[in-house]
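Source file: start-v9.pdb; contents: PDB, C-alpha atoms and all ligand atoms.
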ATOM      1  CA  ASP A 153     -83.065 -32.666  10.754
ATOM      2  CA  THR A 154     -82.683 -29.151   9.396
ATOM      3  CA  GLN A 155     -80.219 -28.063   6.730
ATOM      4  CA  VAL A 156     -78.587 -25.084   5.092
ATOM      5  CA  ASP A 157     -77.523 -24.749   1.448
ATOM      6  CA  ASN A 158     -73.762 -24.211   1.795
ATOM      7  CA  ARG A 159     -73.388 -22.487  -1.591
ATOM      8  CA  LYS A 160     -76.149 -20.007  -0.783
ATOM      9  CA  LEU A 161     -74.700 -19.567   2.708
ATOM     10  CA  ALA A 162     -71.330 -18.541   1.267
ATOM     11  CA  ALA A 163     -72.978 -16.070  -1.139
ATOM     12  CA  ALA A 164     -75.118 -14.641   1.678
ATOM     13  CA  LEU A 165     -72.132 -14.317   4.005
ATOM     14  CA  ARG A 166     -70.263 -12.380   1.357
ATOM     15  CA  LEU A 167     -73.161  -9.923   0.931
ATOM     16  CA  ALA A 168     -73.529  -9.539   4.702
ATOM     17  CA  ALA A 169     -69.794  -8.977   5.162
ATOM     18  CA  GLU A 170     -69.654  -6.346   2.416
ATOM     19  CA  ALA A 171     -72.755  -4.625   3.806
ATOM     20  CA  ALA A 172     -70.947  -4.461   7.160
ATOM     21  CA  GLY A 173     -67.935  -2.777   5.538
ATOM     22  CA  ALA A 174     -65.668  -5.754   4.816
ATOM     23  CA  SER A 175     -63.714  -5.890   1.598
ATOM     24  CA  VAL A 176     -63.565  -9.331  -0.035
ATOM     25  CA  SER A 177     -60.587 -10.151  -2.235
ATOM     26  CA  GLU A 178     -61.181 -13.329  -4.230
ATOM     27  CA  TYR A 179     -58.806 -15.522  -6.242
ATOM     28  CA  ARG A 180     -55.715 -13.881  -4.763
ATOM     29  CA  ALA A 181     -53.775 -16.621  -3.046
ATOM     30  CA  VAL A 182     -51.746 -15.820   0.050
ATOM     31  CA  SER A 183     -48.225 -17.135  -0.360
ATOM     32  CA  THR A 184     -46.661 -15.977   2.926
ATOM     33  CA  ILE A 185     -47.674 -14.830   6.394
ATOM     34  CA  SER A 186     -45.019 -12.337   7.439
ATOM     35  CA  SER A 187     -43.843 -11.537  10.934
ATOM     36  CA  ARG A 188     -41.444  -9.075  12.523
ATOM     37  CA  ALA A 189     -40.008  -8.941  16.022
ATOM     38  CA  GLY A 190     -42.046 -11.940  17.109
ATOM     39  CA  ARG A 191     -45.422 -10.785  15.858
ATOM     40  CA  VAL A 192     -47.398 -11.238  12.676
ATOM     41  CA  ASP A 193     -47.453  -8.084  10.556
ATOM     42  CA  GLY A 194     -49.198  -9.047   7.326
ATOM     43  CA  LEU A 195     -49.336 -11.150   4.196
ATOM     44  CA  THR A 196     -47.636 -11.483   0.850
ATOM     45  CA  LEU A 197     -49.918 -12.546  -1.982
ATOM     46  CA  ALA A 198     -48.927 -14.846  -4.831
ATOM     47  CA  ASP A 199     -48.858 -11.841  -7.205
ATOM     48  CA  GLY A 200     -46.273 -10.181  -4.937
ATOM     49  CA  ALA A 201     -48.625  -7.636  -3.357
ATOM     50  CA  LYS A 202     -48.133  -7.017   0.353
ATOM     51  CA  VAL A 203     -50.954  -6.481   2.817
ATOM     52  CA  SER A 204     -50.122  -5.221   6.278
ATOM     53  CA  ALA A 205     -52.241  -6.447   9.169
ATOM     54  CA  ASP A 206     -52.215  -6.436  12.958
ATOM     55  CA  VAL A 207     -54.020  -9.760  13.006
ATOM     56  CA  VAL A 208     -54.035 -12.661  10.546
ATOM     57  CA  VAL A 209     -56.644 -15.416  10.867
ATOM     58  CA  LEU A 210     -55.319 -18.632   9.374
ATOM     59  CA  ALA A 211     -58.502 -20.187   7.955
ATOM     60  CA  ALA A 212     -57.317 -21.843   4.750
ATOM     61  CA  GLY A 213     -59.142 -25.117   5.390
ATOM     62  CA  ALA A 214     -57.288 -28.212   4.214
ATOM     63  CA  TRP A 215     -54.563 -25.929   2.809
ATOM     64  CA  SER A 216     -53.773 -24.325   6.168
ATOM     65  CA  ARG A 217     -50.249 -25.813   6.228
ATOM     66  CA  SER A 218     -49.363 -24.733   2.705
ATOM     67  CA  ILE A 219     -48.836 -21.026   3.402
ATOM     68  CA  ALA A 220     -45.189 -20.095   3.901
ATOM     69  CA  GLY A 221     -43.696 -17.873   6.581
ATOM     70  CA  LEU A 222     -44.649 -19.740   9.734
ATOM     71  CA  GLY A 223     -42.162 -22.068  11.357
ATOM     72  CA  PRO A 224     -43.137 -25.747  11.349
ATOM     73  CA  GLU A 225     -44.061 -25.484  15.029
ATOM     74  CA  LEU A 226     -46.721 -22.872  14.159
ATOM     75  CA  LEU A 227     -48.375 -24.840  11.371
ATOM     76  CA  PRO A 228     -51.697 -26.339  12.460
ATOM     77  CA  PRO A 229     -51.818 -30.161  12.266
ATOM     78  CA  VAL A 230     -54.426 -30.236   9.509
ATOM     79  CA  ARG A 231     -54.650 -32.676   6.612
ATOM     80  CA  PRO A 232     -57.002 -32.940   3.625
ATOM     81  CA  VAL A 233     -59.701 -35.605   3.944
ATOM     82  CA  LYS A 234     -61.196 -36.210   0.525
ATOM     83  CA  GLY A 235     -64.979 -36.400   0.139
ATOM     84  CA  GLN A 236     -66.934 -37.328  -2.977
ATOM     85  CA  MET A 237     -70.602 -36.356  -3.311
ATOM     86  CA  LEU A 238     -73.276 -36.308  -5.962
ATOM     87  CA  ALA A 239     -76.602 -34.636  -6.611
ATOM     88  CA  LEU A 240     -79.610 -36.281  -8.244
ATOM     89  CA  ARG A 241     -82.479 -34.278  -9.713
ATOM     90  CA  MET A 242     -85.996 -34.754  -8.355
ATOM     91  CA  ASP A 243     -89.161 -33.154  -9.707
ATOM     92  CA  PRO A 244     -89.402 -30.035  -7.482
ATOM     93  CA  ALA A 245     -93.212 -30.153  -7.822
ATOM     94  CA  ALA A 246     -93.333 -33.750  -6.529
ATOM     95  CA  PRO A 247     -90.058 -34.421  -4.716
ATOM     96  CA  LEU A 248     -89.192 -37.988  -3.816
ATOM     97  CA  LEU A 249     -87.960 -36.808  -0.401
ATOM     98  CA  THR A 250     -88.730 -33.689   1.604
ATOM     99  CA  HIS A 251     -86.572 -34.365   4.662
ATOM    100  CA  VAL A 252     -83.017 -35.478   5.369
ATOM    101  CA  VAL A 253     -82.508 -39.253   5.489
ATOM    102  CA  TRP A 254     -79.521 -40.840   7.248
ATOM    103  CA  ALA A 255     -78.808 -44.219   5.660
ATOM    104  CA  PRO A 256     -76.188 -46.588   7.131
ATOM    105  CA  ALA A 257     -73.458 -45.538   4.677
ATOM    106  CA  ALA A 258     -74.764 -42.296   3.160
ATOM    107  CA  TYR A 259     -77.048 -39.368   3.794
ATOM    108  CA  LEU A 260     -79.671 -37.906   1.461
ATOM    109  CA  VAL A 261     -80.441 -34.194   1.587
ATOM    110  CA  PRO A 262     -83.320 -32.827  -0.529
ATOM    111  CA  ARG A 263     -82.925 -29.198  -1.584
ATOM    112  CA  ARG A 264     -85.920 -26.983  -2.319
ATOM    113  CA  ASP A 265     -84.863 -26.615  -5.973
ATOM    114  CA  GLY A 266     -85.289 -30.376  -6.507
ATOM    115  CA  ARG A 267     -81.667 -31.422  -6.079
ATOM    116  CA  LEU A 268     -81.137 -34.476  -3.892
ATOM    117  CA  LEU A 269     -77.630 -34.551  -2.422
ATOM    118  CA  VAL A 270     -76.066 -37.909  -1.623
ATOM    119  CA  GLY A 271     -72.945 -37.825   0.498
ATOM    120  CA  ALA A 272     -70.260 -38.456   1.248
ATOM    121  CA  THR A 273     -67.149 -40.590   1.051
ATOM    122  CA  VAL A 274     -64.379 -40.095   3.632
ATOM    123  CA  GLU A 275     -60.995 -40.886   2.090
ATOM    124  CA  GLU A 276     -57.391 -40.413   3.180
ATOM    125  CA  LYS A 277     -56.129 -39.633  -0.338
ATOM    126  CA  GLY A 278     -54.368 -36.309   0.182
ATOM    127  CA  TYR A 279     -55.336 -33.633  -2.343
ATOM    128  CA  ASP A 280     -56.492 -36.161  -4.964
ATOM    129  CA  THR A 281     -59.421 -34.624  -6.853
ATOM    130  CA  SER A 282     -60.542 -37.628  -8.893
ATOM    131  CA  LEU A 283     -64.134 -38.765  -8.945
ATOM    132  CA  THR A 284     -63.991 -42.542  -8.801
ATOM    133  CA  ALA A 285     -66.335 -45.314  -9.881
ATOM    134  CA  GLY A 286     -65.924 -46.871  -6.440
ATOM    135  CA  GLY A 287     -66.834 -43.654  -4.653
ATOM    136  CA  MET A 288     -69.975 -43.136  -6.719
ATOM    137  CA  LEU A 289     -70.889 -46.829  -6.469
ATOM    138  CA  THR A 290     -70.620 -46.736  -2.665
ATOM    139  CA  LEU A 291     -72.836 -43.662  -2.386
ATOM    140  CA  LEU A 292     -75.413 -44.735  -4.949
ATOM    141  CA  GLU A 293     -75.704 -48.258  -3.578
ATOM    142  CA  ALA A 294     -76.137 -46.990  -0.016
ATOM    143  CA  ALA A 295     -78.756 -44.460  -1.139
ATOM    144  CA  TRP A 296     -80.560 -47.005  -3.353
ATOM    145  CA  ARG A 297     -80.751 -49.605  -0.561
ATOM    146  CA  THR A 298     -82.540 -47.024   1.594
ATOM    147  CA  VAL A 299     -84.657 -45.302  -1.082
ATOM    148  CA  PRO A 300     -84.860 -47.627  -4.130
ATOM    149  CA  ALA A 301     -86.829 -45.063  -6.153
ATOM    150  CA  ILE A 302     -83.676 -42.959  -6.601
ATOM    151  CA  GLU A 303     -82.915 -45.384  -9.444
ATOM    152  CA  GLU A 304     -85.082 -43.295 -11.787
ATOM    153  CA  LEU A 305     -83.520 -39.933 -10.953
ATOM    154  CA  PRO A 306     -81.082 -38.238 -13.330
ATOM    155  CA  ILE A 307     -77.616 -37.383 -12.042
ATOM    156  CA  ASP A 308     -77.209 -33.616 -11.804
ATOM    157  CA  GLU A 309     -73.653 -33.211 -10.532
ATOM    158  CA  MET A 310     -70.744 -35.074  -8.957
ATOM    159  CA  TRP A 311     -67.906 -33.398  -7.111
ATOM    160  CA  VAL A 312     -64.952 -33.741  -4.779
ATOM    161  CA  GLY A 313     -63.996 -31.604  -1.789
ATOM    162  CA  HIS A 314     -61.313 -31.652   0.888
ATOM    163  CA  ARG A 315     -62.250 -31.397   4.546
ATOM    164  CA  PRO A 316     -59.694 -29.911   6.916
ATOM    165  CA  GLY A 317     -59.109 -32.744   9.390
ATOM    166  CA  SER A 318     -56.982 -32.049  12.454
ATOM    167  CA  ARG A 319     -54.980 -34.664  14.333
ATOM    168  CA  ASP A 320     -57.930 -35.293  16.698
ATOM    169  CA  ASP A 321     -60.608 -34.327  14.126
ATOM    170  CA  ALA A 322     -61.752 -31.360  16.264
ATOM    171  CA  PRO A 323     -61.384 -27.724  15.157
ATOM    172  CA  ILE A 324     -58.312 -25.625  15.923
ATOM    173  CA  LEU A 325     -59.530 -22.258  17.194
ATOM    174  CA  GLY A 326     -57.983 -19.345  19.012
ATOM    175  CA  ALA A 327     -54.827 -17.307  19.436
ATOM    176  CA  GLY A 328     -51.531 -18.702  18.245
ATOM    177  CA  PRO A 329     -48.251 -18.709  20.122
ATOM    178  CA  ILE A 330     -47.065 -15.528  18.381
ATOM    179  CA  ASP A 331     -48.920 -12.230  18.644
ATOM    180  CA  GLY A 332     -51.349 -11.448  15.869
ATOM    181  CA  LEU A 333     -51.816 -15.029  14.659
ATOM    182  CA  ILE A 334     -55.240 -16.626  15.119
ATOM    183  CA  TYR A 335     -56.303 -20.094  13.988
ATOM    184  CA  ALA A 336     -59.755 -20.995  12.652
ATOM    185  CA  THR A 337     -59.278 -24.298  10.894
ATOM    186  CA  GLY A 338     -59.636 -28.074  11.267
ATOM    187  CA  HIS A 339     -63.440 -28.107  11.137
ATOM    188  CA  TYR A 340     -63.372 -31.476   9.374
ATOM    189  CA  ARG A 341     -66.939 -32.704   8.670
ATOM    190  CA  ASN A 342     -68.748 -29.886  10.494
ATOM    191  CA  GLY A 343     -67.413 -26.596   9.181
ATOM    192  CA  ILE A 344     -70.775 -25.457   7.825
ATOM    193  CA  LEU A 345     -72.595 -26.437  11.003
ATOM    194  CA  LEU A 346     -69.998 -24.654  13.137
ATOM    195  CA  THR A 347     -69.866 -21.464  11.030
ATOM    196  CA  PRO A 348     -71.880 -19.268  13.450
ATOM    197  CA  ILE A 349     -70.050 -20.242  16.634
ATOM    198  CA  THR A 350     -66.630 -20.064  14.979
ATOM    199  CA  ALA A 351     -67.361 -16.703  13.362
ATOM    200  CA  ASP A 352     -68.692 -15.178  16.598
ATOM    201  CA  ALA A 353     -65.834 -16.435  18.731
ATOM    202  CA  ILE A 354     -63.086 -15.495  16.271
ATOM    203  CA  ALA A 355     -64.600 -12.036  15.697
ATOM    204  CA  ARG A 356     -64.591 -11.435  19.469
ATOM    205  CA  LEU A 357     -61.008 -12.602  19.693
ATOM    206  CA  VAL A 358     -59.921 -10.263  16.880
ATOM    207  CA  LEU A 359     -61.886  -7.252  18.118
ATOM    208  CA  ASP A 360     -61.597  -7.557  21.919
ATOM    209  CA  GLY A 361     -58.826 -10.095  22.438
ATOM    210  CA  ALA A 362     -61.321 -12.157  24.453
ATOM    211  CA  SER A 363     -61.235 -15.948  24.174
ATOM    212  CA  GLU A 364     -64.748 -17.331  24.686
ATOM    213  CA  ALA A 365     -65.202 -20.363  26.919
ATOM    214  CA  ALA A 366     -66.714 -22.339  24.030
ATOM    215  CA  ILE A 367     -63.493 -22.295  22.002
ATOM    216  CA  ARG A 368     -60.912 -22.569  24.780
ATOM    217  CA  PRO A 369     -60.690 -26.389  24.642
ATOM    218  CA  PHE A 370     -59.866 -26.145  20.935
ATOM    219  CA  GLY A 371     -56.601 -24.188  21.127
ATOM    220  CA  ILE A 372     -53.605 -25.369  19.141
ATOM    221  CA  GLU A 373     -51.661 -25.851  22.384
ATOM    222  CA  ARG A 374     -53.609 -29.067  23.040
ATOM    223  CA  PHE A 375     -51.334 -30.787  20.553
ATOM    224  CA  GLY A 376     -48.545 -30.389  23.006
ATOM    225  CA  SER A 377     -45.443 -29.151  21.266
ATOM    226  CA  LEU A 378     -46.376 -25.470  21.361
ATOM    227  CA  PRO A 379     -46.233 -22.913  24.145
ATOM    228  CA  ALA A 380     -49.699 -22.047  25.538
ATOM    229  CA  ALA A 381     -51.565 -19.425  23.506
ATOM    230  CA  ALA A 382     -51.886 -16.027  25.141
ATOM    231  CA  GLU A 383     -55.248 -15.451  26.869
TER
HETATM  232  C1  LIG B 401     -68.018 -33.867   0.541
HETATM  233  C2  LIG B 401     -68.101 -32.982   1.755
HETATM  234  C3  LIG B 401     -69.279 -32.911   2.481
HETATM  235  C4  LIG B 401     -69.377 -32.095   3.600
HETATM  236  N1  LIG B 401     -70.560 -32.028   4.284
HETATM  237  C5  LIG B 401     -70.661 -31.205   5.357
HETATM  238  C6  LIG B 401     -71.888 -31.091   6.057
HETATM  239  O1  LIG B 401     -72.887 -31.739   5.722
HETATM  240  N2  LIG B 401     -71.949 -30.241   7.121
HETATM  241  C7  LIG B 401     -70.869 -29.523   7.537
HETATM  242  O2  LIG B 401     -70.983 -28.780   8.503
HETATM  243  N3  LIG B 401     -69.683 -29.617   6.890
HETATM  244  C8  LIG B 401     -69.561 -30.449   5.823
HETATM  245  N4  LIG B 401     -68.365 -30.574   5.171
HETATM  246  C9  LIG B 401     -67.183 -29.941   5.755
HETATM  247  C10 LIG B 401     -67.086 -28.475   5.426
HETATM  248  O3  LIG B 401     -67.173 -28.278   4.027
HETATM  249  C11 LIG B 401     -65.749 -27.964   5.958
HETATM  250  O4  LIG B 401     -65.617 -28.274   7.329
HETATM  251  C12 LIG B 401     -65.679 -26.456   5.774
HETATM  252  O5  LIG B 401     -65.777 -26.123   4.407
HETATM  253  C13 LIG B 401     -64.386 -25.905   6.339
HETATM  254  O6  LIG B 401     -64.445 -24.516   6.172
HETATM  255  P1  LIG B 401     -63.126 -23.666   6.019
HETATM  256  O7  LIG B 401     -63.568 -22.283   5.686
HETATM  257  O8  LIG B 401     -62.238 -23.893   7.183
HETATM  258  O9  LIG B 401     -62.372 -24.335   4.785
HETATM  259  P2  LIG B 401     -62.796 -24.298   3.230
HETATM  260  O10 LIG B 401     -64.279 -24.262   3.087
HETATM  261  O11 LIG B 401     -62.019 -25.391   2.598
HETATM  262  O12 LIG B 401     -62.242 -22.882   2.800
HETATM  263  C14 LIG B 401     -60.865 -22.620   2.798
HETATM  264  C15 LIG B 401     -60.647 -21.546   1.770
HETATM  265  O13 LIG B 401     -59.297 -21.114   1.845
HETATM  266  C16 LIG B 401     -58.859 -20.910   0.538
HETATM  267  N5  LIG B 401     -57.405 -20.982   0.509
HETATM  268  C17 LIG B 401     -56.611 -22.073   0.625
HETATM  269  N6  LIG B 401     -55.327 -21.728   0.531
HETATM  270  C18 LIG B 401     -55.304 -20.390   0.351
HETATM  271  C19 LIG B 401     -54.263 -19.443   0.167
HETATM  272  N7  LIG B 401     -52.972 -19.797   0.155
HETATM  273  N8  LIG B 401     -54.598 -18.144  -0.012
HETATM  274  C20 LIG B 401     -55.897 -17.755   0.003
HETATM  275  N9  LIG B 401     -56.926 -18.609   0.174
HETATM  276  C21 LIG B 401     -56.624 -19.905   0.344
HETATM  277  C22 LIG B 401     -59.512 -22.013  -0.269
HETATM  278  O14 LIG B 401     -59.541 -21.679  -1.638
HETATM  279  C23 LIG B 401     -60.889 -22.031   0.349
HETATM  280  O15 LIG B 401     -61.747 -21.128  -0.297
HETATM  281  C24 LIG B 401     -68.253 -31.358   4.027
HETATM  282  C25 LIG B 401     -67.066 -31.407   3.289
HETATM  283  C26 LIG B 401     -66.983 -32.215   2.158
HETATM  284  C27 LIG B 401     -65.703 -32.259   1.367
END

Please express the file's structure as structure tokens.
Ligand SMILES: Cc1cc2nc3c(=O)[nH]c(=O)nc-3n(C[C@H](O)[C@H](O)[C@H](O)COP(=O)(O)OP(=O)(O)OC[C@H]3O[C@@H](n4cnc5c(N)ncnc54)[C@H](O)[C@@H]3O)c2cc1C
Amino acid sequence: DTQVDNRKLAAALRLAAEAAGASVSEYRAVSTISSRAGRVDGLTLADGAKVSADVVVLAAGAWSRSIAGLGPELLPPVRPVKGQMLALRMDPAAPLLTHVVWAPAAYLVPRRDGRLLVGATVEEKGYDTSLTAGGMLTLLEAAWRTVPAIEELPIDEMWVGHRPGSRDDAPILGAGPIDGLIYATGHYRNGILLTPITADAIARLVLDGASEAAIRPFGIERFGSLPAAAE
């Protein structure tokens, strides 16, 4: 199995985007997606600033329903699915593992810097951010049963994240029912894996208005209560 370091991927994507002329605006929450005469026309940020836009891509992960301005029928059916993970520290010069191991109730991912990731719980706990004894116990026991030598490794980090899970656990991709609104959310457990295909398809949709065959089955209209998205 191959792997990518998601933190380095995000940093690399930022550099690549800026080199291609994108401007990245961090830590400025979007409070509202605005629309006029039946089409999206921009955003209002939490600090009150307004940004006009012909196209808005709703890609706020597990928080994709928390942005105001869209009617309830336009909100993607996405919920947070809590995941706890931890990292152990191996000796990078003599790592305990050099390849990914899938255990029955956990996976172990050795990074080149010596970190050994153990993941992940899947919990329907809303936006709860607590690290729990039970979560860590489950992961460590599953990892230890498969690779007992992890017992000696120091714990480097423990953390919680929220996956964007859709109603059928598949991504929600493509044009929305009102002009200018595009969805790229609901990637659940595979958002890193699906980054290239999602980015390519959504970029084509924004730039050319073309909906690639690969994403057509993942339109929001599959959930039924919405009019079909424009081709
Ligand atoms: C423990 C765990 C392990 C995982 N392991 C894997 C794995 O091995 N492989 C894999 O492919 N995937 C994995 N995933 C899933 C993957 O992390 C997600 O599918 C992916 O991050 C979804 O990407 P996203 O950009 O849609 O959402 P996110 O990565 O959640 O990004 C959404 C962004 O939107 C921002 N945002 C939210 N609201 C607003 C707002 N109002 N204004 C502005 N910005 C806002 C958030 O701050 C966040 O930065 C894992 C997830 C977890 C929790």

request  = Dig up all the protein and nucleic acid residues within 7 Å of (-50.3, -13.0, 15.6) in the file frame, using all atoms listed in the file, and format them as a list in words.
outcome  = Arg191, Val192, Val207, Val208, Gly328, Ile330, Asp331, Gly332, Leu333 and Ile334 of chain A

inquiry  = List as a list of chain:residue names the protein and nucleic acid residues lying within 6 Å of ligand LIG 401 (chain B), with all atoms listed in the file counted.
reply    =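 Counting all atoms listed in the file, the residues within 6 Å of ligand LIG 401 (chain B) come out as A:Ala181, A:Val182, A:Ser183, A:Ala211, A:Ala212, A:Gly213, A:Ala214, A:Trp215, A:Ile219, A:Gly235, A:Gln236, A:Met237, A:Ala272, A:Gly313, A:His314, A:Arg315, A:Thr337, A:His339, A:Tyr340, A:Arg341, A:Asn342, A:Gly343, A:Ile344, A:Leu345.
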
message = So that I can check the surroundings of Ala295 (chain A), please list as a PyMOL selection string every protein, DNA and RNA residue that reaches within 8 Å of it, counting only C-alpha atoms and ignoring chain neighbours fewer than 6 positions away.
response = chain A and resi 255+257-260+270+302

Could you list, as a compact mmCIF listing (two decimals) with C-alpha atoms, keeping the file's coordinate frame, every residue matched by the PyMOL selection byres (((chain A and resi 324) around 8) and not hetatm) in this structure?
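out.txt, written as the output of this step:
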# COMPACT_ATOMS: atom_id res chain seq x y z
CA PRO A 228 -51.70 -26.34 12.46
CA SER A 318 -56.98 -32.05 12.45
CA ALA A 322 -61.75 -31.36 16.26
CA PRO A 323 -61.38 -27.72 15.16
CA LEU A 325 -59.53 -22.26 17.19
CA GLY A 326 -57.98 -19.34 19.01
CA TYR A 335 -56.30 -20.09 13.99
CA ALA A 336 -59.76 -21.00 12.65
CA THR A 337 -59.28 -24.30 10.89
CA GLY A 338 -59.64 -28.07 11.27
CA HIS A 339 -63.44 -28.11 11.14
CA PHE A 370 -59.87 -26.14 20.94
CA GLY A 371 -56.60 -24.19 21.13
CA ILE A 372 -53.60 -25.37 19.14

message = Which residues are near Glu309 (chain A)? Cut-off 12 Å, all atoms listed in the file, ignore same chain within fewer than 4 positions. Put them as a ChimeraX atom specification.
response = /A:236-241,267-271,283,288,305

For region 278-291 of chain A, take all atoms listed in the file, fit an axis-aligned box around them, add 6 Å to each of the six sides, then output centre and edge lengths in Å rounded to one decimal, as AutoDock Vina command-line options.
--center_x -63.6 --center_y -40.3 --center_z -4.8 --size_x 30.5 --size_y 25.2 --size_z 22.1

task = Evaluate the PyMOL selection byres (((chain A and resi 227) around 10) and not hetatm) here and jot the selected residues down as a ChimeraX atom specification.
result = /A:210,216-226,228-230,328,335,372

task = Identify which of the residues A:Thr184, A:Ala355, A:Trp311, A:Pro329 lies closest to Lys202 (chain A), counting only C-alpha atoms when measuring atom-to-atom distances.
result = A:Thr184

Select region 201-268 of chain A in the preceding structure and write C-alpha atoms to a file as a short mmCIF file (atom, residue, chain, number, x, y, z; two decimals), in the first residue's frame.
data_model
loop_
_atom_site.label_atom_id
_atom_site.label_comp_id
_atom_site.auth_asym_id
_atom_site.auth_seq_id
_atom_site.Cartn_x
_atom_site.Cartn_y
_atom_site.Cartn_z
CA ALA A 201 -16.07 41.63 4.50
CA LYS A 202 -17.85 40.82 1.24
CA VAL A 203 -16.28 38.88 -1.61
CA SER A 204 -18.05 38.84 -4.95
CA ALA A 205 -17.80 35.69 -7.04
CA ASP A 206 -19.39 34.15 -10.12
CA VAL A 207 -18.88 30.69 -8.68
CA VAL A 208 -18.73 29.43 -5.09
CA VAL A 209 -17.46 25.92 -4.36
CA LEU A 210 -18.96 24.66 -1.12
CA ALA A 211 -16.11 22.52 0.26
CA ALA A 212 -16.30 23.12 4.01
CA GLY A 213 -16.00 19.44 4.93
CA ALA A 214 -18.04 18.39 7.95
CA TRP A 215 -19.10 22.04 8.37
CA SER A 216 -20.68 22.28 4.92
CA ARG A 217 -24.18 22.77 6.39
CA SER A 218 -23.15 25.49 8.83
CA ILE A 219 -22.77 28.33 6.33
CA ALA A 220 -25.82 30.58 6.13
CA GLY A 221 -27.54 31.92 3.03
CA LEU A 222 -28.59 28.72 1.31
CA GLY A 223 -32.11 27.42 1.76
CA PRO A 224 -32.39 24.10 3.60
CA GLU A 225 -33.04 22.35 0.28
CA LEU A 226 -29.60 23.48 -0.97
CA LEU A 227 -27.63 22.31 2.05
CA PRO A 228 -25.69 19.12 1.33
CA PRO A 229 -26.66 16.16 3.57
CA VAL A 230 -23.31 16.00 5.33
CA ARG A 231 -22.66 15.19 8.98
CA PRO A 232 -19.48 15.09 11.08
CA VAL A 233 -18.11 11.61 11.76
CA LYS A 234 -15.59 11.83 14.57
CA GLY A 235 -12.25 10.05 14.24
CA GLN A 236 -9.56 9.68 16.89
CA MET A 237 -5.98 8.83 15.91
CA LEU A 238 -2.57 8.69 17.50
CA ALA A 239 1.06 8.68 16.45
CA LEU A 240 3.81 6.64 18.09
CA ARG A 241 7.49 7.44 17.62
CA MET A 242 9.80 4.84 16.08
CA ASP A 243 13.56 5.14 15.67
CA PRO A 244 13.80 6.54 12.11
CA ALA A 245 17.17 4.78 11.69
CA ALA A 246 15.64 1.39 12.60
CA PRO A 247 11.88 1.68 12.14
CA LEU A 248 9.68 -1.06 13.54
CA LEU A 249 7.56 -0.96 10.36
CA THR A 250 8.34 0.28 6.87
CA HIS A 251 5.02 -0.48 5.19
CA VAL A 252 1.34 0.05 5.93
CA VAL A 253 -0.30 -2.70 8.00
CA TRP A 254 -4.07 -3.24 8.04
CA ALA A 255 -5.05 -4.87 11.32
CA PRO A 256 -8.63 -6.08 11.95
CA ALA A 257 -9.64 -2.95 13.90
CA ALA A 258 -6.90 -0.43 13.10
CA TYR A 259 -4.31 0.50 10.52
CA LEU A 260 -0.65 1.36 11.09
CA VAL A 261 1.08 3.83 8.80
CA PRO A 262 4.85 4.39 9.20
CA ARG A 263 6.05 7.84 8.14
CA ARG A 264 9.60 8.44 6.92
CA ASP A 265 10.32 10.73 9.90
CA GLY A 266 9.76 7.83 12.31
CA ARG A 267 6.16 8.56 13.26
CA LEU A 268 3.87 5.53 13.26
#
